[in-house]
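Here's upload_13.pdb, which has PDB, C-alpha atoms:
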```
MODEL        1
ATOM      1  CA  MET A   6     -21.694 -47.718 -21.207
ATOM      2  CA  GLN A   7     -20.588 -46.356 -24.579
ATOM      3  CA  GLU A   8     -22.302 -43.010 -23.880
ATOM      4  CA  LYS A   9     -20.532 -42.812 -20.510
ATOM      5  CA  LYS A  10     -17.149 -43.378 -22.146
ATOM      6  CA  GLN A  11     -17.905 -40.743 -24.765
ATOM      7  CA  THR A  12     -18.873 -38.214 -22.075
ATOM      8  CA  SER A  13     -15.680 -39.017 -20.209
ATOM      9  CA  ALA A  14     -13.641 -38.425 -23.369
ATOM     10  CA  VAL A  15     -15.385 -35.098 -24.011
ATOM     11  CA  THR A  16     -14.711 -34.002 -20.431
ATOM     12  CA  LYS A  17     -11.077 -35.050 -20.727
ATOM     13  CA  TRP A  18     -10.505 -33.073 -23.915
ATOM     14  CA  MET A  19     -12.373 -30.054 -22.605
ATOM     15  CA  THR A  20     -10.226 -30.056 -19.468
ATOM     16  CA  LEU A  21      -7.038 -30.400 -21.508
ATOM     17  CA  ILE A  22      -7.969 -27.535 -23.811
ATOM     18  CA  ILE A  23      -9.052 -25.108 -21.076
ATOM     19  CA  VAL A  24      -6.085 -25.866 -18.817
ATOM     20  CA  ALA A  25      -3.747 -25.472 -21.821
ATOM     21  CA  ILE A  26      -5.339 -22.084 -22.591
ATOM     22  CA  ALA A  27      -4.936 -20.936 -18.987
ATOM     23  CA  GLY A  28      -1.386 -22.297 -18.870
ATOM     24  CA  GLY A  29      -0.448 -20.576 -22.120
ATOM     25  CA  LEU A  30      -1.705 -17.220 -20.833
ATOM     26  CA  MET A  31      -0.716 -17.364 -17.188
ATOM     27  CA  THR A  32       2.888 -16.143 -17.364
ATOM     28  CA  LYS A  33       2.508 -13.610 -20.180
ATOM     29  CA  LEU A  34       2.001 -10.589 -17.905
ATOM     30  CA  PRO A  35       4.913 -11.171 -15.511
ATOM     31  CA  TYR A  36       7.289 -11.834 -18.427
ATOM     32  CA  LEU A  37       6.361  -8.821 -20.555
ATOM     33  CA  ARG A  38       9.941  -7.616 -20.197
ATOM     34  CA  GLU A  39      11.130 -10.506 -22.375
ATOM     35  CA  THR A  40       9.220  -9.085 -25.369
ATOM     36  CA  TYR A  41       8.754  -5.397 -24.608
ATOM     37  CA  MET A  42      11.851  -4.325 -22.700
ATOM     38  CA  VAL A  43      12.217  -0.795 -24.090
ATOM     39  CA  PRO A  44       8.473   0.024 -24.262
ATOM     40  CA  LEU A  45       8.057  -1.289 -20.711
ATOM     41  CA  GLN A  46      10.836   1.002 -19.511
ATOM     42  CA  GLU A  47       9.226   3.997 -21.197
ATOM     43  CA  ALA A  48       5.725   3.164 -19.941
ATOM     44  CA  THR A  49       6.697   2.505 -16.313
ATOM     45  CA  GLY A  50       9.588   4.926 -16.050
ATOM     46  CA  ALA A  51      11.677   2.142 -14.515
ATOM     47  CA  THR A  52      15.372   1.729 -15.179
ATOM     48  CA  LYS A  53      16.872  -1.544 -16.352
ATOM     49  CA  THR A  54      18.127  -2.111 -12.825
ATOM     50  CA  GLN A  55      14.655  -1.573 -11.393
ATOM     51  CA  LEU A  56      13.102  -3.950 -13.924
ATOM     52  CA  GLY A  57      15.717  -6.496 -12.897
ATOM     53  CA  LEU A  58      14.803  -6.007  -9.234
ATOM     54  CA  ILE A  59      11.109  -6.402 -10.077
ATOM     55  CA  MET A  60      11.798  -9.724 -11.811
ATOM     56  CA  SER A  61      14.033 -10.775  -8.920
ATOM     57  CA  ALA A  62      11.126 -10.176  -6.539
ATOM     58  CA  TYR A  63       8.913 -12.276  -8.812
ATOM     59  CA  GLY A  64      11.518 -15.055  -8.925
ATOM     60  CA  ILE A  65      12.067 -15.099  -5.153
ATOM     61  CA  VAL A  66       8.357 -15.315  -4.363
ATOM     62  CA  ASN A  67       8.047 -17.960  -7.095
ATOM     63  CA  PHE A  68      10.735 -20.054  -5.442
ATOM     64  CA  ILE A  69       9.024 -19.823  -2.064
ATOM     65  CA  CYS A  70       5.583 -20.598  -3.515
ATOM     66  CA  TYR A  71       6.582 -23.793  -5.333
ATOM     67  CA  PHE A  72       6.941 -25.722  -2.070
ATOM     68  CA  PRO A  73       3.477 -25.143  -0.540
ATOM     69  CA  GLY A  74       1.756 -24.996  -3.942
ATOM     70  CA  GLY A  75       1.495 -28.772  -4.167
ATOM     71  CA  ILE A  76      -0.049 -28.976  -0.709
ATOM     72  CA  LEU A  77      -2.608 -26.353  -1.686
ATOM     73  CA  ALA A  78      -3.594 -28.376  -4.769
ATOM     74  CA  ASP A  79      -4.124 -31.437  -2.541
ATOM     75  CA  LYS A  80      -6.272 -29.529  -0.071
ATOM     76  CA  PHE A  81      -8.507 -27.560  -2.431
ATOM     77  CA  SER A  82     -10.383 -28.009  -5.688
ATOM     78  CA  CYS A  83      -8.117 -27.624  -8.742
ATOM     79  CA  LYS A  84     -10.980 -25.958 -10.591
ATOM     80  CA  LYS A  85     -11.346 -23.253  -7.943
ATOM     81  CA  LEU A  86      -7.593 -22.699  -7.809
ATOM     82  CA  ILE A  87      -7.360 -22.319 -11.593
ATOM     83  CA  ILE A  88     -10.310 -19.905 -11.630
ATOM     84  CA  PHE A  89      -8.790 -17.878  -8.801
ATOM     85  CA  SER A  90      -5.440 -17.811 -10.608
ATOM     86  CA  CYS A  91      -6.955 -16.540 -13.865
ATOM     87  CA  PHE A  92      -9.009 -13.810 -12.202
ATOM     88  CA  GLY A  93      -6.273 -12.923  -9.718
ATOM     89  CA  THR A  94      -3.632 -12.537 -12.427
ATOM     90  CA  ALA A  95      -6.075 -10.501 -14.524
ATOM     91  CA  ALA A  96      -6.864  -8.220 -11.550
ATOM     92  CA  ALA A  97      -3.147  -7.613 -10.953
ATOM     93  CA  GLY A  98      -2.839  -6.983 -14.697
ATOM     94  CA  LEU A  99      -5.510  -4.284 -14.534
ATOM     95  CA  TRP A 100      -3.536  -2.607 -11.748
ATOM     96  CA  TYR A 101      -0.413  -3.018 -13.904
ATOM     97  CA  TRP A 102      -2.287  -1.207 -16.711
ATOM     98  CA  THR A 103      -2.435   1.947 -14.553
ATOM     99  CA  MET A 104       1.391   2.012 -14.585
ATOM    100  CA  PRO A 105       2.030   2.538 -10.846
ATOM    101  CA  GLY A 106       5.422   3.421  -9.414
ATOM    102  CA  PHE A 107       8.309   1.086  -8.646
ATOM    103  CA  VAL A 108       6.915  -0.128  -5.313
ATOM    104  CA  GLY A 109       3.549  -0.831  -6.920
ATOM    105  CA  LEU A 110       5.243  -2.828  -9.681
ATOM    106  CA  VAL A 111       7.118  -4.917  -7.111
ATOM    107  CA  ILE A 112       3.848  -5.679  -5.282
ATOM    108  CA  ILE A 113       2.110  -6.532  -8.555
ATOM    109  CA  HIS A 114       4.826  -9.015  -9.476
ATOM    110  CA  GLY A 115       4.622 -10.517  -5.998
ATOM    111  CA  ILE A 116       0.916 -11.056  -6.648
ATOM    112  CA  PHE A 117       1.775 -12.541 -10.046
ATOM    113  CA  ALA A 118       4.067 -15.042  -8.309
ATOM    114  CA  ILE A 119       1.236 -16.121  -6.011
ATOM    115  CA  THR A 120      -1.358 -16.463  -8.777
ATOM    116  CA  THR A 121       0.910 -18.056 -11.400
ATOM    117  CA  VAL A 122       2.756 -20.487  -9.131
ATOM    118  CA  PHE A 123       1.258 -20.902  -5.652
ATOM    119  CA  THR A 124      -2.371 -21.258  -6.702
ATOM    120  CA  PHE A 125      -1.950 -22.320 -10.334
ATOM    121  CA  TRP A 126       1.033 -24.486 -11.182
ATOM    122  CA  ALA A 127       0.371 -27.532  -9.009
ATOM    123  CA  ALA A 128      -3.372 -27.262  -9.692
ATOM    124  CA  MET A 129      -2.665 -27.338 -13.428
ATOM    125  CA  VAL A 130      -0.424 -30.397 -13.100
ATOM    126  CA  LYS A 131      -2.835 -32.238 -10.812
ATOM    127  CA  SER A 132      -5.892 -31.528 -12.967
ATOM    128  CA  ILE A 133      -4.125 -33.126 -15.951
ATOM    129  CA  ASN A 134      -2.691 -35.980 -13.877
ATOM    130  CA  ASN A 135      -6.213 -36.884 -12.722
ATOM    131  CA  LEU A 136      -7.419 -37.343 -16.309
ATOM    132  CA  GLY A 137      -5.777 -40.721 -16.866
ATOM    133  CA  GLY A 138      -3.744 -43.606 -15.502
ATOM    134  CA  PRO A 139       0.032 -44.126 -15.612
ATOM    135  CA  ASP A 140      -0.071 -45.303 -19.227
ATOM    136  CA  GLU A 141      -1.685 -42.000 -20.336
ATOM    137  CA  GLN A 142       0.470 -39.476 -18.488
ATOM    138  CA  GLY A 143       2.991 -38.971 -21.289
ATOM    139  CA  ARG A 144       0.271 -38.342 -23.854
ATOM    140  CA  LEU A 145      -1.727 -36.058 -21.551
ATOM    141  CA  PHE A 146       1.198 -33.898 -20.513
ATOM    142  CA  GLY A 147       2.559 -33.870 -24.054
ATOM    143  CA  PHE A 148      -0.734 -32.400 -25.219
ATOM    144  CA  LEU A 149      -0.731 -29.938 -22.321
ATOM    145  CA  GLU A 150       2.755 -28.636 -23.087
ATOM    146  CA  GLY A 151       2.104 -28.550 -26.823
ATOM    147  CA  GLY A 152      -1.178 -26.734 -26.234
ATOM    148  CA  ARG A 153       0.420 -24.228 -23.865
ATOM    149  CA  GLY A 154       3.131 -23.532 -26.417
ATOM    150  CA  LEU A 155       0.642 -23.093 -29.251
ATOM    151  CA  ILE A 156      -1.619 -20.810 -27.215
ATOM    152  CA  GLY A 157       1.370 -18.809 -26.001
ATOM    153  CA  THR A 158       2.584 -18.278 -29.554
ATOM    154  CA  LEU A 159      -0.832 -17.299 -30.930
ATOM    155  CA  VAL A 160      -1.623 -14.807 -28.161
ATOM    156  CA  ALA A 161       1.875 -13.322 -28.467
ATOM    157  CA  PHE A 162       1.133 -12.506 -32.113
ATOM    158  CA  GLY A 163      -2.129 -10.951 -30.947
ATOM    159  CA  SER A 164      -0.330  -8.795 -28.407
ATOM    160  CA  VAL A 165       1.982  -7.459 -31.127
ATOM    161  CA  ALA A 166      -1.084  -6.560 -33.190
ATOM    162  CA  VAL A 167      -2.803  -4.649 -30.365
ATOM    163  CA  PHE A 168       0.511  -3.016 -29.436
ATOM    164  CA  GLY A 169       0.860  -1.736 -32.994
ATOM    165  CA  LYS A 170      -2.569  -0.071 -32.926
ATOM    166  CA  ALA A 171      -1.396   2.512 -30.370
ATOM    167  CA  ILE A 172       0.064   5.846 -31.374
ATOM    168  CA  ASP A 173       3.101   5.475 -29.106
ATOM    169  CA  GLN A 174       4.985   2.844 -27.091
ATOM    170  CA  VAL A 175       3.306   3.738 -23.802
ATOM    171  CA  GLY A 176      -0.133   3.260 -25.325
ATOM    172  CA  GLY A 177       1.031   0.057 -26.989
ATOM    173  CA  MET A 178       2.289  -1.291 -23.684
ATOM    174  CA  LYS A 179      -1.011  -0.523 -21.986
ATOM    175  CA  ASN A 180      -2.874  -2.154 -24.873
ATOM    176  CA  ALA A 181      -0.824  -5.347 -24.475
ATOM    177  CA  ILE A 182      -1.409  -5.475 -20.718
ATOM    178  CA  MET A 183      -5.157  -4.940 -21.113
ATOM    179  CA  TYR A 184      -5.235  -7.554 -23.891
ATOM    180  CA  TYR A 185      -3.659 -10.244 -21.712
ATOM    181  CA  SER A 186      -5.834  -9.298 -18.724
ATOM    182  CA  ILE A 187      -9.030  -9.679 -20.770
ATOM    183  CA  LEU A 188      -7.884 -13.042 -22.154
ATOM    184  CA  LEU A 189      -7.226 -14.274 -18.609
ATOM    185  CA  ILE A 190     -10.721 -13.221 -17.556
ATOM    186  CA  ILE A 191     -12.122 -15.186 -20.508
ATOM    187  CA  ALA A 192     -10.007 -18.207 -19.509
ATOM    188  CA  GLY A 193     -11.351 -17.948 -15.954
ATOM    189  CA  ILE A 194     -14.940 -17.859 -17.222
ATOM    190  CA  LEU A 195     -14.306 -20.917 -19.418
ATOM    191  CA  ALA A 196     -12.854 -22.730 -16.398
ATOM    192  CA  MET A 197     -15.932 -21.814 -14.329
ATOM    193  CA  ILE A 198     -18.276 -23.216 -16.963
ATOM    194  CA  PHE A 199     -16.496 -26.319 -18.234
ATOM    195  CA  LEU A 200     -14.016 -27.652 -15.662
ATOM    196  CA  GLN A 201     -15.216 -30.326 -13.263
ATOM    197  CA  ASP A 202     -14.918 -29.651  -9.545
ATOM    198  CA  ASN A 203     -12.656 -32.286  -8.011
ATOM    199  CA  LYS A 204     -13.285 -31.812  -4.307
ATOM    200  CA  PRO A 205     -10.852 -33.612  -1.967
ATOM    201  CA  VAL A 206     -12.209 -37.043  -1.038
ATOM    202  CA  GLN A 207     -13.047 -37.629   2.629
ATOM    203  CA  THR A 208     -13.180 -40.936   4.475
ATOM    204  CA  ASP A 209     -14.230 -41.370   8.120
ATOM    205  CA  GLY A 210     -14.404 -37.619   8.541
ATOM    206  CA  LYS A 211     -10.795 -37.144   7.415
ATOM    207  CA  LYS A 212      -9.459 -36.007   4.095
ATOM    208  CA  LYS A 213      -8.045 -38.911   2.185
ATOM    209  CA  ASN A 214      -5.241 -36.747   0.804
ATOM    210  CA  SER A 215      -4.153 -35.206   4.120
ATOM    211  CA  LEU A 216      -0.384 -34.881   4.383
ATOM    212  CA  ASN A 217       2.119 -35.339   7.162
ATOM    213  CA  PHE A 218       5.891 -35.184   7.589
ATOM    214  CA  LYS A 219       6.237 -38.885   6.746
ATOM    215  CA  ASP A 220       4.787 -38.218   3.285
ATOM    216  CA  PHE A 221       7.442 -35.589   2.617
ATOM    217  CA  MET A 222      10.219 -37.929   3.727
ATOM    218  CA  GLU A 223       8.978 -40.664   1.417
ATOM    219  CA  VAL A 224       8.979 -38.279  -1.532
ATOM    220  CA  ALA A 225      12.416 -36.916  -0.591
ATOM    221  CA  LYS A 226      13.847 -40.466  -0.782
ATOM    222  CA  MET A 227      12.794 -40.888  -4.424
ATOM    223  CA  PRO A 228      15.795 -40.507  -6.798
ATOM    224  CA  THR A 229      13.480 -39.405  -9.615
ATOM    225  CA  VAL A 230      12.384 -36.364  -7.595
ATOM    226  CA  TRP A 231      15.987 -35.173  -7.244
ATOM    227  CA  LEU A 232      16.717 -35.948 -10.882
ATOM    228  CA  CYS A 233      13.709 -33.929 -12.045
ATOM    229  CA  GLY A 234      14.746 -31.083  -9.766
ATOM    230  CA  ALA A 235      18.300 -31.117 -11.166
ATOM    231  CA  LEU A 236      16.977 -31.123 -14.728
ATOM    232  CA  GLY A 237      14.672 -28.216 -13.915
ATOM    233  CA  ILE A 238      17.587 -26.176 -12.515
ATOM    234  CA  CYS A 239      19.768 -26.934 -15.537
ATOM    235  CA  ASN A 240      17.007 -26.154 -18.051
TER     236      ASN A 240
ENDMDL
END
```
Represent the supplied structure as structure tokens.
Amino acid sequence: MQEKKQTSAVTKWMTLIIVAIAGGLMTKLPYLRETYMVPLQEATGATKTQLGLIMSAYGIVNFICYFPGGILADKFSCKKLIIFSCFGTAAAGLWYWTMPGFVGLVIIHGIFAITTVFTFWAAMVKSINNLGGPDEQGRLFGFLEGGRGLIGTLVAFGSVAVFGKAIDQVGGMKNAIMYYSILLIIAGILAMIFLQDNKPVQTDGKKKNSLNFKDFMEVAKMPTVWLCGALGICN
């Protein structure tokens, strides 16, 4: 029994660490403008207005993807969704590295919205939620957010270092994009190896977590859901 508990603890910490790594890396590519505004303009040839439109496209698709993202996490394995998100974001990052035109950049950021929100966000939350009971949620998510913040800070320093190794800003921008893409591939490989596959449970030939309109209405009646939404908007 003691060995079983120890294995469970190891699995829990491994899941927390890997999901925190993936979470800390996931939004670095779509938000490059926040750190490298001028170099990004020079590398892509986009104007400030065009970069704003690109981020608007990302935000709009993000907004749309949040709603069905939770359903996707209930229907499919969180492990597979996280792996897909890491590799999918990295693949879009490799296309980004080629510095396509404005239309290509808009498409890339649309893909980023799908891989960072639709297939990843709810899967990340659910994979951590499944690690413990109600009395552990605060501790688990506190570690997740702290880990994401730490990873995000560390890799940001790394991106500055690889950016500085280039002879010009265009080369530095490409270095940073390649750097984040490679890290996401590594995160996806770690998820493949170490995350447990939580397949949806089936009973009597039906998925236990199948959803219907009544489920949505029950959630919509919860005051805490609206409060959390209001806090998220105001944040």
Mind telling me what the PyMOL selection byres ((chain A and resi 96-103) around 7) catches here, as a list of chain:residue names?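 This file, filtered by the PyMOL selection byres ((chain A and resi 96-103) around 7), leaves A:Leu34, A:Phe92, A:Gly93, A:Thr94, A:Ala95, A:Met104, A:Pro105, A:Ile113, A:Ile116, A:Lys179, A:Ile182, A:Met183, A:Ser186.
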Store the residues picked out above, limited to C-alpha atoms, as a PDB file, keeping the file's coordinate frame.
```pdb
ATOM      1  CA  LEU A  34       2.001 -10.589 -17.905  1.00  0.00           C
ATOM      2  CA  PHE A  92      -9.009 -13.810 -12.202  1.00  0.00           C
ATOM      3  CA  GLY A  93      -6.273 -12.923  -9.718  1.00  0.00           C
ATOM      4  CA  THR A  94      -3.632 -12.537 -12.427  1.00  0.00           C
ATOM      5  CA  ALA A  95      -6.075 -10.501 -14.524  1.00  0.00           C
ATOM      6  CA  MET A 104       1.391   2.012 -14.585  1.00  0.00           C
ATOM      7  CA  PRO A 105       2.030   2.538 -10.846  1.00  0.00           C
ATOM      8  CA  ILE A 113       2.110  -6.532  -8.555  1.00  0.00           C
ATOM      9  CA  ILE A 116       0.916 -11.056  -6.648  1.00  0.00           C
ATOM     10  CA  LYS A 179      -1.011  -0.523 -21.986  1.00  0.00           C
ATOM     11  CA  ILE A 182      -1.409  -5.475 -20.718  1.00  0.00           C
ATOM     12  CA  MET A 183      -5.157  -4.940 -21.113  1.00  0.00           C
ATOM     13  CA  SER A 186      -5.834  -9.298 -18.724  1.00  0.00           C
TER      14      SER A 186
END
```
Have a look at CA of Cys83 in chain A and CA of Asn135 in chain A and let me know their distance in Å, one decimal. 10.3 Å
Report as a PyMOL selection string the full result of the PyMOL selection byres ((chain A and resi 194) around 12) when it is applied to this structure. chain A and resi 23+26-27+84-85+87-92+95+187-193+195-200
For the selection just defined, write its residues with C-alpha atoms to a file, as a short mmCIF file (atom, residue, chain, number, x, y, z; two decimals), in the frame of the given file.
```
data_model
loop_
_atom_site.label_atom_id
_atom_site.label_comp_id
_atom_site.auth_asym_id
_atom_site.auth_seq_id
_atom_site.Cartn_x
_atom_site.Cartn_y
_atom_site.Cartn_z
CA ILE A 23 -9.05 -25.11 -21.08
CA ILE A 26 -5.34 -22.08 -22.59
CA ALA A 27 -4.94 -20.94 -18.99
CA LYS A 84 -10.98 -25.96 -10.59
CA LYS A 85 -11.35 -23.25 -7.94
CA ILE A 87 -7.36 -22.32 -11.59
CA ILE A 88 -10.31 -19.90 -11.63
CA PHE A 89 -8.79 -17.88 -8.80
CA SER A 90 -5.44 -17.81 -10.61
CA CYS A 91 -6.96 -16.54 -13.86
CA PHE A 92 -9.01 -13.81 -12.20
CA ALA A 95 -6.08 -10.50 -14.52
CA ILE A 187 -9.03 -9.68 -20.77
CA LEU A 188 -7.88 -13.04 -22.15
CA LEU A 189 -7.23 -14.27 -18.61
CA ILE A 190 -10.72 -13.22 -17.56
CA ILE A 191 -12.12 -15.19 -20.51
CA ALA A 192 -10.01 -18.21 -19.51
CA GLY A 193 -11.35 -17.95 -15.95
CA LEU A 195 -14.31 -20.92 -19.42
CA ALA A 196 -12.85 -22.73 -16.40
CA MET A 197 -15.93 -21.81 -14.33
CA ILE A 198 -18.28 -23.22 -16.96
CA PHE A 199 -16.50 -26.32 -18.23
CA LEU A 200 -14.02 -27.65 -15.66
#
```
Would you list the residues near (-2.4, -28.8, -21.7) (no more than 10 Å away, in the coordinates of the file, using all atoms listed in the file) as number ranges by chain? A: 18, 20-29, 129-130, 132-133, 145-156
Residues just named, written with C-alpha atoms as a compact mmCIF listing (two decimals), keeping the file's coordinate frame:
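And here is the file that came out, out_31.txt:
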```txt
# COMPACT_ATOMS: atom_id res chain seq x y z
CA TRP A 18 -10.50 -33.07 -23.92
CA THR A 20 -10.23 -30.06 -19.47
CA LEU A 21 -7.04 -30.40 -21.51
CA ILE A 22 -7.97 -27.54 -23.81
CA ILE A 23 -9.05 -25.11 -21.08
CA VAL A 24 -6.08 -25.87 -18.82
CA ALA A 25 -3.75 -25.47 -21.82
CA ILE A 26 -5.34 -22.08 -22.59
CA ALA A 27 -4.94 -20.94 -18.99
CA GLY A 28 -1.39 -22.30 -18.87
CA GLY A 29 -0.45 -20.58 -22.12
CA MET A 129 -2.66 -27.34 -13.43
CA VAL A 130 -0.42 -30.40 -13.10
CA SER A 132 -5.89 -31.53 -12.97
CA ILE A 133 -4.12 -33.13 -15.95
CA LEU A 145 -1.73 -36.06 -21.55
CA PHE A 146 1.20 -33.90 -20.51
CA GLY A 147 2.56 -33.87 -24.05
CA PHE A 148 -0.73 -32.40 -25.22
CA LEU A 149 -0.73 -29.94 -22.32
CA GLU A 150 2.76 -28.64 -23.09
CA GLY A 151 2.10 -28.55 -26.82
CA GLY A 152 -1.18 -26.73 -26.23
CA ARG A 153 0.42 -24.23 -23.86
CA GLY A 154 3.13 -23.53 -26.42
CA LEU A 155 0.64 -23.09 -29.25
CA ILE A 156 -1.62 -20.81 -27.22
```
Nearest-residue call for Phe162 in chain A, choices A:Val43, A:His114, A:Gln142, A:Tyr184, using only C-alpha atoms: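 Ranked by minimum distance to Phe162 in chain A, first place goes to A:Tyr184.
Within the 8 Å cut-off around range 164-177 of chain A, using all atoms listed in the file and omitting residues fewer than 2 positions from it on the same chain, the listed residues are Pro44, Leu45, Glu47, Ala48, Val160, Ala161, Phe162, Lys179, Asn180, Ala181, Tyr184 and Tyr185 of chain A.
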Picked residues, the PyMOL selection byres ((chain A and resi 118) around 8), expected as a short mmCIF file (atom, residue, chain, number, x, y, z; two decimals) with C-alpha atoms, in the coordinates of the input:
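Dumped to result_30.cif:
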```
data_model
loop_
_atom_site.label_atom_id
_atom_site.label_comp_id
_atom_site.auth_asym_id
_atom_site.auth_seq_id
_atom_site.Cartn_x
_atom_site.Cartn_y
_atom_site.Cartn_z
CA TYR A 63 8.91 -12.28 -8.81
CA GLY A 64 11.52 -15.06 -8.93
CA VAL A 66 8.36 -15.32 -4.36
CA ASN A 67 8.05 -17.96 -7.10
CA CYS A 70 5.58 -20.60 -3.52
CA HIS A 114 4.83 -9.02 -9.48
CA GLY A 115 4.62 -10.52 -6.00
CA ILE A 116 0.92 -11.06 -6.65
CA PHE A 117 1.78 -12.54 -10.05
CA ILE A 119 1.24 -16.12 -6.01
CA THR A 120 -1.36 -16.46 -8.78
CA THR A 121 0.91 -18.06 -11.40
CA VAL A 122 2.76 -20.49 -9.13
CA PHE A 123 1.26 -20.90 -5.65
#
```
Quote the spacing between CA of Gly106 in chain A and CA of Leu30 in chain A in Å to one decimal place.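 Interatomic distance here is 24.6 Å.
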Edge lengths and centre in Å to one decimal, as lines of an AutoDock Vina configuration file, of the axis-aligned box that encloses all listed atoms of range 79-98 of chain A with 8 Å added on every side?
```
center_x = -7.1
center_y = -19.2
center_z = -7.4
size_x = 24.5
size_y = 40.5
size_z = 30.6
```
Coordinates-based distance that separates CA of Leu86 in chain A from CA of Phe72 in chain A (Å, one decimal): 15.9 Å
Selected residue of minimal separation from Tyr41 in chain A among A:Phe125, A:Thr16, A:Leu56, A:Ala78, counting all atoms listed in the file: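 Distance minimum relative to Tyr41 in chain A lands on A:Leu56.
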